[in-house]
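This is final_35.csv (CSV, C-alpha atoms and all ligand atoms).
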```csv
chain,number,residue,atom,x,y,z
A,1,MET,CA,-2.5,11.4,-13.1
A,2,ARG,CA,0.7,11.7,-11.1
A,3,ILE,CA,2.2,10.3,-7.9
A,4,VAL,CA,3.3,13.0,-5.4
A,5,ASN,CA,4.2,13.2,-1.7
A,6,ALA,CA,0.9,13.7,0.1
A,7,THR,CA,0.1,17.0,2.0
A,8,GLU,CA,-2.6,18.0,4.4
A,9,ARG,CA,-4.9,18.8,1.4
A,10,HIS,CA,-4.9,15.1,0.4
A,11,LEU,CA,-6.0,13.8,3.8
A,12,ASP,CA,-9.8,13.9,3.2
A,13,GLY,CA,-9.4,11.9,0.0
A,14,ILE,CA,-7.0,9.5,1.5
A,15,MET,CA,-9.2,8.8,4.5
A,16,ASP,CA,-12.2,8.3,2.2
A,17,ILE,CA,-10.2,5.6,0.3
A,18,GLU,CA,-8.9,4.1,3.6
A,19,THR,CA,-12.3,3.7,5.2
A,20,ARG,CA,-13.8,2.3,2.0
A,21,SER,CA,-11.0,-0.2,1.6
A,22,PHE,CA,-10.4,-1.6,5.1
A,23,THR,CA,-12.7,-3.0,7.9
A,24,ASP,CA,-9.9,-2.1,10.3
A,25,ALA,CA,-9.0,1.3,8.8
A,26,TRP,CA,-6.3,3.5,10.2
A,27,SER,CA,-7.3,6.7,12.1
A,28,ARG,CA,-6.8,10.1,10.4
A,29,GLU,CA,-4.1,10.8,13.0
A,30,GLY,CA,-2.3,7.6,12.2
A,31,VAL,CA,-2.2,8.4,8.5
A,32,ALA,CA,-1.3,12.1,9.1
A,33,ASP,CA,1.8,10.9,11.0
A,34,TYR,CA,3.3,9.9,7.6
A,35,LEU,CA,3.0,13.4,6.1
A,36,ASP,CA,6.6,14.6,6.1
A,37,ALA,CA,7.9,11.5,7.9
A,38,PRO,CA,11.7,11.5,8.0
A,39,ASP,CA,11.9,7.7,7.6
A,40,GLY,CA,9.2,7.0,5.1
A,41,GLU,CA,6.7,8.4,2.7
A,42,LEU,CA,3.0,8.9,2.2
A,43,LEU,CA,2.6,8.8,-1.6
A,44,VAL,CA,-0.7,9.8,-3.3
A,45,MET,CA,-1.8,9.3,-6.8
A,46,GLU,CA,-3.8,12.3,-7.8
A,47,ASP,CA,-6.1,13.0,-10.8
A,48,GLY,CA,-6.4,16.8,-10.7
A,49,ASP,CA,-7.4,17.5,-7.1
A,50,GLU,CA,-8.8,14.0,-6.4
A,51,ALA,CA,-6.9,11.3,-4.6
A,52,VAL,CA,-7.1,8.0,-6.6
A,53,GLY,CA,-4.9,5.9,-4.3
A,54,PHE,CA,-2.1,6.1,-1.8
A,55,ALA,CA,0.8,4.1,-0.4
A,56,ILE,CA,2.7,4.4,2.9
A,57,TYR,CA,6.1,2.8,3.5
A,58,HIS,CA,8.7,3.1,6.3
A,59,VAL,CA,12.5,2.5,6.0
A,60,SER,CA,14.7,1.3,8.9
A,61,PHE,CA,18.3,0.8,7.8
A,62,GLU,CA,18.3,-1.8,5.0
A,63,ASP,CA,14.7,-3.0,5.6
A,64,ALA,CA,11.6,-1.2,4.3
A,65,GLU,CA,8.0,-2.1,5.1
A,66,LEU,CA,4.9,-1.3,3.1
A,67,TYR,CA,2.4,-0.2,5.7
A,68,ASN,CA,-0.5,0.6,3.5
A,69,LEU,CA,-1.7,0.6,-0.1
A,70,ALA,CA,-5.2,1.3,-1.4
A,71,VAL,CA,-6.9,2.5,-4.5
A,72,ARG,CA,-10.3,4.1,-4.7
A,73,PRO,CA,-12.8,1.3,-5.5
A,74,ASP,CA,-14.1,2.9,-8.7
A,75,CYS,CA,-10.5,3.3,-10.0
A,76,ARG,CA,-9.2,-0.2,-9.5
A,77,ARG,CA,-7.8,-2.5,-12.2
A,78,ARG,CA,-6.3,0.4,-14.1
A,79,GLY,CA,-2.7,0.1,-13.0
A,80,ALA,CA,-2.8,2.6,-10.1
A,81,GLY,CA,-2.0,0.0,-7.4
A,82,ARG,CA,1.0,-1.3,-9.4
A,83,ALA,CA,2.2,2.3,-10.1
A,84,LEU,CA,2.0,3.2,-6.3
A,85,LEU,CA,3.8,0.0,-5.4
A,86,ASN,CA,6.6,0.7,-7.8
A,87,ALA,CA,6.9,4.3,-6.5
A,88,ALA,CA,7.2,2.9,-3.0
A,89,LEU,CA,9.8,0.4,-4.0
A,90,GLU,CA,11.8,3.1,-5.8
A,91,GLY,CA,11.5,5.5,-2.9
A,92,ALA,CA,12.6,2.8,-0.4
A,93,ALA,CA,15.6,1.9,-2.6
A,94,SER,CA,16.6,5.5,-2.9
A,95,ARG,CA,16.6,5.7,1.0
A,96,GLY,CA,19.0,2.8,1.2
A,97,ALA,CA,16.6,-0.1,1.7
A,98,ARG,CA,17.7,-3.5,0.4
A,99,ARG,CA,14.5,-5.4,1.1
A,100,MET,CA,10.8,-4.5,1.4
A,101,PHE,CA,8.4,-6.5,3.6
A,102,LEU,CA,4.7,-6.4,3.8
A,103,GLU,CA,1.8,-8.2,5.5
A,104,VAL,CA,-1.5,-9.0,3.7
A,105,ARG,CA,-4.7,-10.7,4.8
A,106,ARG,CA,-4.7,-14.4,3.7
A,107,SER,CA,-8.0,-13.9,1.8
A,108,ASN,CA,-7.0,-10.7,0.0
A,109,ASP,CA,-6.6,-12.3,-3.5
A,110,ALA,CA,-6.3,-8.9,-5.3
A,111,ALA,CA,-3.5,-7.6,-3.2
A,112,ARG,CA,-1.7,-10.9,-3.1
A,113,ALA,CA,-1.9,-11.2,-6.9
A,114,LEU,CA,-0.5,-7.7,-7.3
A,115,TYR,CA,2.4,-8.4,-4.9
A,116,LYS,CA,3.2,-11.7,-6.5
A,117,SER,CA,3.2,-10.2,-10.0
A,118,ALA,CA,5.5,-7.5,-8.8
A,119,GLY,CA,8.0,-10.1,-7.6
A,120,PHE,CA,7.2,-10.4,-3.9
A,121,ALA,CA,7.5,-13.9,-2.4
A,122,VAL,CA,5.8,-15.4,0.7
A,123,CYS,CA,8.3,-15.5,3.6
A,124,GLY,CA,6.0,-16.4,6.6
A,125,VAL,CA,2.6,-16.3,8.3
A,126,ARG,CA,1.4,-14.5,11.4
A,127,ARG,CA,-1.5,-16.5,12.9
A,128,ASN,CA,-4.6,-14.5,13.8
A,129,TYR,CA,-2.7,-11.2,13.2
A,130,TYR,CA,-5.7,-9.2,12.0
A,131,ASP,CA,-9.0,-8.3,13.8
A,132,SER,CA,-12.3,-7.4,12.2
A,133,PRO,CA,-12.4,-10.1,11.1
A,134,ARG,CA,-9.7,-12.2,12.8
A,135,GLU,CA,-7.4,-13.6,10.1
A,136,ASP,CA,-3.9,-14.7,9.4
A,137,ALA,CA,-1.4,-12.3,7.9
A,138,VAL,CA,0.8,-13.6,5.1
A,139,LEU,CA,4.3,-12.0,5.1
A,140,MET,CA,5.9,-11.3,1.8
A,141,ASP,CA,9.3,-9.8,0.9
A,142,PHE,CA,11.1,-8.4,-2.1
A,143,THR,CA,14.8,-7.9,-2.7
A,144,LEU,CA,15.4,-4.4,-4.0
B,201,LIG,C1,-4.9,-4.3,-4.0
B,201,LIG,C2,-5.2,-3.0,-4.7
B,201,LIG,C3,-4.4,-1.8,-4.1
B,201,LIG,C4,-4.8,-3.1,-6.2
B,201,LIG,O1,-5.0,-1.9,-6.8
B,201,LIG,P1,-5.4,-1.8,-8.4
B,201,LIG,O2,-5.2,-0.4,-8.8
B,201,LIG,O3,-6.7,-2.4,-8.6
B,201,LIG,O4,-4.3,-2.7,-9.0
B,201,LIG,P2,-3.7,-2.7,-10.5
B,201,LIG,O5,-4.8,-2.3,-11.5
B,201,LIG,O6,-2.4,-2.0,-10.6
B,201,LIG,O7,-3.5,-4.3,-10.8
B,201,LIG,C5,-2.2,-4.8,-10.8
B,201,LIG,C6,-2.3,-6.3,-10.8
B,201,LIG,O8,-2.8,-6.8,-9.5
B,201,LIG,C7,-3.6,-7.9,-9.7
B,201,LIG,N1,-4.9,-7.6,-9.3
B,201,LIG,C8,-5.4,-6.4,-9.0
B,201,LIG,N2,-6.7,-6.6,-8.6
B,201,LIG,C9,-7.1,-7.9,-8.7
B,201,LIG,C10,-8.2,-8.6,-8.5
B,201,LIG,N3,-9.4,-8.0,-8.1
B,201,LIG,N4,-8.2,-9.9,-8.7
B,201,LIG,C11,-7.1,-10.5,-9.2
B,201,LIG,N5,-5.9,-9.9,-9.4
B,201,LIG,C12,-5.9,-8.6,-9.2
B,201,LIG,C13,-3.5,-8.3,-11.2
B,201,LIG,O9,-2.3,-9.1,-11.4
B,201,LIG,C14,-3.2,-6.9,-11.8
B,201,LIG,O10,-2.7,-7.0,-13.1
B,201,LIG,P3,-3.6,-7.0,-14.4
B,201,LIG,O11,-4.7,-5.9,-14.2
B,201,LIG,O12,-2.7,-6.7,-15.5
B,201,LIG,O13,-4.2,-8.4,-14.3
B,201,LIG,C15,-6.7,-2.6,-4.7
B,201,LIG,O14,-7.5,-3.8,-5.0
B,201,LIG,C16,-7.2,-2.1,-3.3
B,201,LIG,O15,-7.1,-0.9,-3.0
B,201,LIG,N6,-7.7,-3.1,-2.5
B,201,LIG,C17,-8.2,-2.7,-1.1
B,201,LIG,C18,-7.1,-2.3,-0.2
B,201,LIG,C19,-6.1,-3.4,0.0
B,201,LIG,O16,-6.5,-4.6,0.1
B,201,LIG,N7,-4.8,-3.1,0.0
B,201,LIG,C20,-3.7,-4.0,0.2
B,201,LIG,C21,-3.5,-4.2,1.7
B,201,LIG,S1,-2.1,-5.3,2.0
```
Starting from the file, lay out its structure as structure tokens.
Amino acid sequence: MRIVNATERHLDGIMDIETRSFTDAWSREGVADYLDAPDGELLVMEDGDEAVGFAIYHVSFEDAELYNLAVRPDCRRRGAGRALLNAALEGAASRGARRMFLEVRRSNDAARALYKSAGFAVCGVRRNYYDSPREDAVLMDFTL
């Protein structure tokens, strides 16, 4: 398994993971915008030709934001999520970011446990931020 910059050939696998992971999934066009993005990366973990998980982050000056992170349901709890998060943190730092922010559904215990164990701390709440279903977003940040 290895983490690489995603290309067009990864999009079907990434969209399969995206739609199986989120009730409010991004569109294919929205994900494809991050192929070759100048100010961010779409990272994919691949096992042979198969996408196992992916992460999208964006950097603006000293602030980075983790936009998306998901692992194929049958591949979870094997360290892929942590590896993708670490790769996003390293990539953002190498682009000059000093902090990374993210938003996560309040009820998303798995993701919140991952972020907490990686050193992210809660820094705010956005009420009713998400739709499908409506739910608060918890904001977390990490100093790089
Ligand atoms: C969140 C997600 C990316 C984690 O990916 P993963 O590959 O399963 O995570 P890892 O195996 O690297 O786990 C790292 C740590 O996260 C925590 N964790 C992961 N899944 C967990 C779960 N179901 N319950 C509790 N803690 C969990 C644990 O601390 C774990 O460490 P451990 O296995 O040593 O106990 C995955 O569950 C996922 O794709 N969920 C759906 C999409 C999503 O919610 N993305 C986040 C949006 S903000």
Residues within 9 Å of ligand LIG 201 (chain B) should be enumerated using all atoms listed in the file and returned as a ChimeraX atom specification.
/A:17-18,20-22,52-55,66-73,75-85,102-105,108-118
Between A:Val4, A:Gly40, A:Val31, A:Arg106, single out the one closest to Tyr130 (chain A), counting all atoms listed in the file.
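Using all atoms listed in the file, the shortest distance to Tyr130 (chain A) belongs to A:Arg106.
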Best match for closeness to Ala92 (chain A) among A:Leu43, A:Val138, A:Ala25, A:Met1, counting all atoms listed in the file:
A:Leu43
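Nearest to Arg9 (chain A) of all the residues A:Ala51, A:Leu139, A:Val59, A:Cys123 is A:Ala51, based on only C-alpha atoms.
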Write out as a list in words the residues lying within 7 Å of Phe142 (chain A), counting only C-alpha atoms and excluding same-chain residues fewer than 3 positions away.
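So, after excluding close chain neighbours, the residues are Arg99, Met100, Phe101, Gly119, Phe120 and Ala121 of chain A.
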Can you measure CA of Asp141 (chain A) to CA of Ser60 (chain A) for me? One decimal in Å is fine.
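Distance reported for this atom pair: 14.7 Å.
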Would you mind reading off the distance between CA of Arg2 (chain A) and CA of Ala93 (chain A), one decimal, in Å?
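One can read the CA of Arg2 (chain A) to CA of Ala93 (chain A) distance as 19.8 Å.
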Which protein, DNA or RNA residues have an atom at most 10 Å from (3.4, 7.9, 8.1), counting only C-alpha atoms? List them as a PyMOL selection string.
chain A and resi 29-43+55-58+67-68
May I ask which of the residues A:Asp74, A:Thr23, A:Arg28, A:Gly13 is the closest one to Met45 (chain A), counting all atoms listed in the file?
A:Gly13
Expressed in Å to a single decimal, how great is the separation between CA of Gly91 (chain A) and CA of Ala64 (chain A)?
9.8 Å
